[in-house]
Amino acid sequence: MANSVIEIIKSGAPAANVLAAPGRPYLTYGALLEHVEATVKALNARGIGRNDRVAIVLPNGPEMASSFLSVASCATTAPLNPNYSTEEFDYYLSHLNAKALILEKGSKSPVLAIAKQRDIPVFEISWSATDPAGLFTFTDKADGSATENRGFAGPEDCGLVMHTSGTTSQPKIVPLSQINLCASAEHIKTSLDLQSNDIGLNIMPLFHIHGLIAAILSAVRAGAMTYCTPGFEPDKFFSWIEEAKPTWYTAVSTMHQEILSYADRDQEIIDKADIRVIRLSSSSLPPQVQHELENVFGCPVIEAYAMTGGSLVKSSISSFNI
């Protein structure tokens with residue numbers, strides 16, 4: 001089993017596709033590895049090294065996926081919901097102790113003002129619609145304050161920090177090591193029998209562990225491809241099915257139910273689809289709805305609710321469901 005995110009990326013066949021997005025050229029594993037290596041050097045040159053926390057506030061899509069993979073390969077990712085309010089960004093950044101913030105060039109997010117108040121360096125990235133899905137560049141130049149703690153993260157280094165749901169008290173920060181992330185991705189890959197010829201359709205938000213690990217990292221562990229959408233849009237779901245030709249997707253209960261509400265009008269696309277498994281997580285699905293979903297798509301629905309603790313060692317990780 002791989003013990004770090006970079007090992008997972010390196011295990012993919014160089015010529016195989018890893019990321020795709022609506023209207024974008026595919027990104028191969030070989031190109032992703034080159035991109036990650038370049039991004040790691042760029043972060044190191046900007047003073048970011050192993051176990052440094054980097055907040056990421058980006059729209060859903062392939063660049064969010066590749067930024068997670070790139071940052072997690074050398075530092076600690078701290079993805080935040082881009083729709084947070086000023087007060088919410090202030091709360092989360094006050095607890096994260098982030099060393100930097102990654103934003104899309106030209107972003108008007110309120111997180112900019114909070115980062116300025118807290119003296120957090122902002123690294124802007126940009127990309128073009130004609131670029132392969134997931135490729136981006138830094139728009140600024142390194143200031144010369146390179147870190148000595150450079151290179152790829154090791155198995156025990158922290159790869160991701162997430163906030164718990166706060167159901168019992170205030171949200172807590174839970175650090176997940178490289179080994180934690182790899183073990184979870186391995187378990188999901190195995191439970192779904194993901195293979196290199198599988199294509200995942202991601203509709204989950206990529207500031208949430210469900211999207212990051214269940215949809216992205218598990219697919220990369222399998223050497224498979226993920227079609228990254230801008231987020232869940234039920235009226236576009238079936239056109240994405242038609243374009244991406246996915247073999248699986250993962251979602252929460254409410255998404256599955258909305259998908260079913262649009263199914264009747266898109267029966268022709270469903271009939272041509274080759275989805276072999278559907279994953280459910282983060283909340284349970286009423287049995288009758290699960291049965292209907294299986295009938296409509298002609299494949300099993302695998303429920304993974306409350307399974308996170310089986311693969312991640314931290315006791316507090318039960319607050320997450322991926």
# chains A, B, ... in the order shown; residues from 1 in each chain; ligands from 1
>>> select_by_dssp(residues="segment 67-258 of chain A", states="strand (DSSP E or B)", output="MDAnalysis selection string")
chainID A and resid 76:79 100:104 122:126 137:138 158:163 173:177 199:202 225:228 248:251
>>> write_last_selection(atoms="N, CA and C atoms", output="tab-separated table (two decimals), in the first residue's frame")
chain	number	residue	atom	x	y	z
A	76	THR	N	0.54	20.57	4.31
A	76	THR	CA	-0.75	20.19	4.90
A	76	THR	C	-1.85	21.01	4.27
A	77	THR	N	-2.80	20.35	3.62
A	77	THR	CA	-3.91	21.06	2.99
A	77	THR	C	-4.98	21.40	4.01
A	78	ALA	N	-5.57	22.59	3.84
A	78	ALA	CA	-6.67	23.03	4.71
A	78	ALA	C	-7.74	23.66	3.83
A	79	PRO	N	-8.53	22.83	3.12
A	79	PRO	CA	-9.54	23.37	2.21
A	79	PRO	C	-10.70	24.00	2.97
A	100	ALA	N	-0.15	30.03	4.61
A	100	ALA	CA	-0.44	30.65	3.30
A	100	ALA	C	-1.87	30.33	2.90
A	101	LEU	N	-2.35	31.08	1.91
A	101	LEU	CA	-3.69	30.88	1.37
A	101	LEU	C	-3.59	30.84	-0.15
A	102	ILE	N	-4.20	29.83	-0.76
A	102	ILE	CA	-4.24	29.72	-2.22
A	102	ILE	C	-5.62	30.15	-2.71
A	103	LEU	N	-5.61	31.09	-3.66
A	103	LEU	CA	-6.84	31.65	-4.23
A	103	LEU	C	-6.73	31.72	-5.75
A	104	GLU	N	-7.87	31.73	-6.41
A	104	GLU	CA	-7.90	31.97	-7.85
A	104	GLU	C	-7.59	33.44	-8.14
A	122	VAL	N	-0.90	35.41	0.48
A	122	VAL	CA	-1.86	34.89	-0.49
A	122	VAL	C	-1.12	34.52	-1.77
A	123	PHE	N	-1.27	33.27	-2.20
A	123	PHE	CA	-0.70	32.81	-3.46
A	123	PHE	C	-1.83	32.67	-4.47
A	124	GLU	N	-1.83	33.51	-5.49
A	124	GLU	CA	-2.87	33.42	-6.51
A	124	GLU	C	-2.44	32.44	-7.61
A	125	ILE	N	-3.40	31.69	-8.10
A	125	ILE	CA	-3.14	30.78	-9.21
A	125	ILE	C	-4.10	31.10	-10.35
A	126	SER	N	-3.71	30.74	-11.55
A	126	SER	CA	-4.57	30.99	-12.71
A	126	SER	C	-4.48	29.81	-13.66
A	137	THR	N	-0.95	27.77	-12.76
A	137	THR	CA	0.34	28.39	-12.49
A	137	THR	C	0.18	29.45	-11.42
A	138	PHE	N	1.24	29.70	-10.67
A	138	PHE	CA	1.24	30.79	-9.70
A	138	PHE	C	1.47	32.10	-10.45
A	158	CYS	N	1.61	15.39	8.30
A	158	CYS	CA	0.19	15.70	8.18
A	158	CYS	C	-0.13	16.13	6.75
A	159	GLY	N	-1.11	15.49	6.13
A	159	GLY	CA	-1.47	15.82	4.76
A	159	GLY	C	-2.72	16.67	4.63
A	160	LEU	N	-3.59	16.61	5.65
A	160	LEU	CA	-4.88	17.29	5.56
A	160	LEU	C	-5.38	17.62	6.95
A	161	VAL	N	-5.92	18.81	7.13
A	161	VAL	CA	-6.63	19.14	8.36
A	161	VAL	C	-8.06	19.51	7.99
A	162	MET	N	-8.99	18.96	8.74
A	162	MET	CA	-10.41	19.24	8.52
A	162	MET	C	-11.04	19.64	9.84
A	163	HIS	N	-12.14	20.37	9.76
A	163	HIS	CA	-12.91	20.71	10.95
A	163	HIS	C	-14.02	19.69	11.13
A	173	ILE	N	-10.30	20.94	15.01
A	173	ILE	CA	-9.42	20.62	13.89
A	173	ILE	C	-8.88	19.20	14.08
A	174	VAL	N	-9.03	18.37	13.05
A	174	VAL	CA	-8.52	17.01	13.09
A	174	VAL	C	-7.43	16.86	12.04
A	175	PRO	N	-6.20	16.57	12.47
A	175	PRO	CA	-5.12	16.37	11.49
A	175	PRO	C	-5.10	14.93	11.00
A	176	LEU	N	-4.93	14.76	9.69
A	176	LEU	CA	-4.86	13.44	9.10
A	176	LEU	C	-3.49	13.26	8.45
A	177	SER	N	-2.79	12.23	8.85
A	177	SER	CA	-1.46	11.99	8.31
A	177	SER	C	-1.54	11.45	6.90
A	199	ILE	N	-14.19	5.36	-14.47
A	199	ILE	CA	-14.32	6.81	-14.59
A	199	ILE	C	-15.31	7.27	-13.53
A	200	GLY	N	-14.84	8.12	-12.64
A	200	GLY	CA	-15.72	8.65	-11.60
A	200	GLY	C	-16.28	10.01	-11.99
A	201	LEU	N	-17.52	10.25	-11.63
A	201	LEU	CA	-18.14	11.56	-11.84
A	201	LEU	C	-18.22	12.24	-10.48
A	202	ASN	N	-17.43	13.30	-10.29
A	202	ASN	CA	-17.47	13.98	-9.00
A	202	ASN	C	-18.45	15.14	-9.00
A	225	MET	N	-9.69	7.64	-13.68
A	225	MET	CA	-9.93	9.04	-14.03
A	225	MET	C	-11.15	9.56	-13.28
A	226	THR	N	-11.12	10.86	-12.96
A	226	THR	CA	-12.27	11.53	-12.36
A	226	THR	C	-12.66	12.72	-13.21
A	227	TYR	N	-13.93	12.79	-13.52
A	227	TYR	CA	-14.51	13.92	-14.25
A	227	TYR	C	-15.01	14.91	-13.21
A	228	CYS	N	-14.36	16.06	-13.14
A	228	CYS	CA	-14.63	17.04	-12.08
A	228	CYS	C	-15.65	18.08	-12.55
A	248	TRP	N	-18.99	5.11	-12.21
A	248	TRP	CA	-19.43	5.21	-10.82
A	248	TRP	C	-19.50	6.67	-10.39
A	249	TYR	N	-20.23	6.91	-9.32
A	249	TYR	CA	-20.21	8.21	-8.68
A	249	TYR	C	-20.56	8.05	-7.21
A	250	THR	N	-20.21	9.02	-6.41
A	250	THR	CA	-20.52	9.02	-4.98
A	250	THR	C	-21.23	10.31	-4.62
A	251	ALA	N	-22.18	10.22	-3.70
A	251	ALA	CA	-22.97	11.40	-3.34
A	251	ALA	C	-23.65	11.17	-1.99
>>> select_by_dssp(residues="segment 132-285 of chain A", states="helix (DSSP H, G or I)", output="JSON, numbers by chain")
{"A": [178, 179, 180, 181, 182, 183, 184, 185, 186, 187, 188, 189, 190, 191, 192, 209, 210, 211, 212, 213, 214, 215, 216, 217, 218, 219, 220, 221, 237, 238, 239, 240, 241, 242, 243, 244, 253, 254, 255, 256, 257, 258, 259, 260, 261, 262, 263, 264, 265, 266, 267, 268, 269, 270, 271, 272]}
>>> closest_residue(among="A:Gly223, A:Pro234, A:Pro155, A:Gly298", to="Ala16 of chain A", atoms="only C-alpha atoms")
A:Gly223
>>> closest_residue(among="A:Gly61, A:Leu293, A:Arg46, A:Leu33", to="Ser11 of chain A", atoms="only C-alpha atoms")
A:Leu33
>>> closest_residue(among="A:Asp271, A:Asp131, A:Asp264, A:Glu303", to="Val252 of chain A", atoms="only C-alpha atoms")
A:Glu303
>>> closest_residue(among="A:Ile269, A:Leu260, A:Ala133, A:Ala98", to="Leu27 of chain A", atoms="only C-alpha atoms")
A:Ala133
>>> residues_around(residues="Val36 of chain A", least_positions_apart="3", cutoff="8 Å", atoms="only C-alpha atoms", output="list in words")
Leu32, Leu33, Thr39, Val40, Ser66, Leu69, Ser70 and Ser73 of chain A
>>> atom_distance(atom1="atom CA of Met1 of chain A", atom2="atom CA of Ala153 of chain A")
16.1 Å
>>> atom_distance(atom1="atom CA of Thr247 of chain A", atom2="atom CA of Gly134 of chain A")
20.9 Å
>>> atom_distance(atom1="atom CA of Pro59 of chain A", atom2="atom CA of Pro82 of chain A")
6.6 Å
>>> residues_around(residues="Lys99 of chain A", least_positions_apart="4", cutoff="12 Å", atoms="only C-alpha atoms", output="ChimeraX atom specification")
/A:43,46-56,75-78,93-95,115,118-123,147
>>> residues_around(residues="Val301 of chain A", least_positions_apart="5", cutoff="12 Å", atoms="only C-alpha atoms", output="ChimeraX atom specification")
/A:191-192,248-253,256,275-281,284-287,289-296
>>> closest_atom_pairs(of="segment 195-300 of chain A", to="segment 3-10 of chain A", cutoff="10 Å", atoms="only C-alpha atoms", output="tab-separated table")
residue	atom	partner	partner_atom	distance
A:Leu217	CA	A:Ile8	CA	8.2
A:Ser218	CA	A:Ile8	CA	9.2
A:Ala219	CA	A:Ile8	CA	9.9
A:Val220	CA	A:Ile9	CA	6.5
A:Arg221	CA	A:Ile8	CA	5.4
A:Ala222	CA	A:Ile8	CA	8.7
A:Gly223	CA	A:Ile9	CA	8.2
>>> write_last_selection(atoms="C-alpha atoms", output="PDB file, in the first residue's frame")
ATOM      1  CA  LEU A 217      -7.852  10.217  -3.948  1.00  0.00           C
ATOM      2  CA  SER A 218      -9.437   6.750  -4.092  1.00  0.00           C
ATOM      3  CA  ALA A 219      -9.709   7.063  -7.884  1.00  0.00           C
ATOM      4  CA  VAL A 220      -6.082   8.192  -8.167  1.00  0.00           C
ATOM      5  CA  ARG A 221      -5.099   5.218  -6.007  1.00  0.00           C
ATOM      6  CA  ALA A 222      -6.795   2.996  -8.603  1.00  0.00           C
ATOM      7  CA  GLY A 223      -5.030   4.720 -11.495  1.00  0.00           C
TER       8      GLY A 223
END
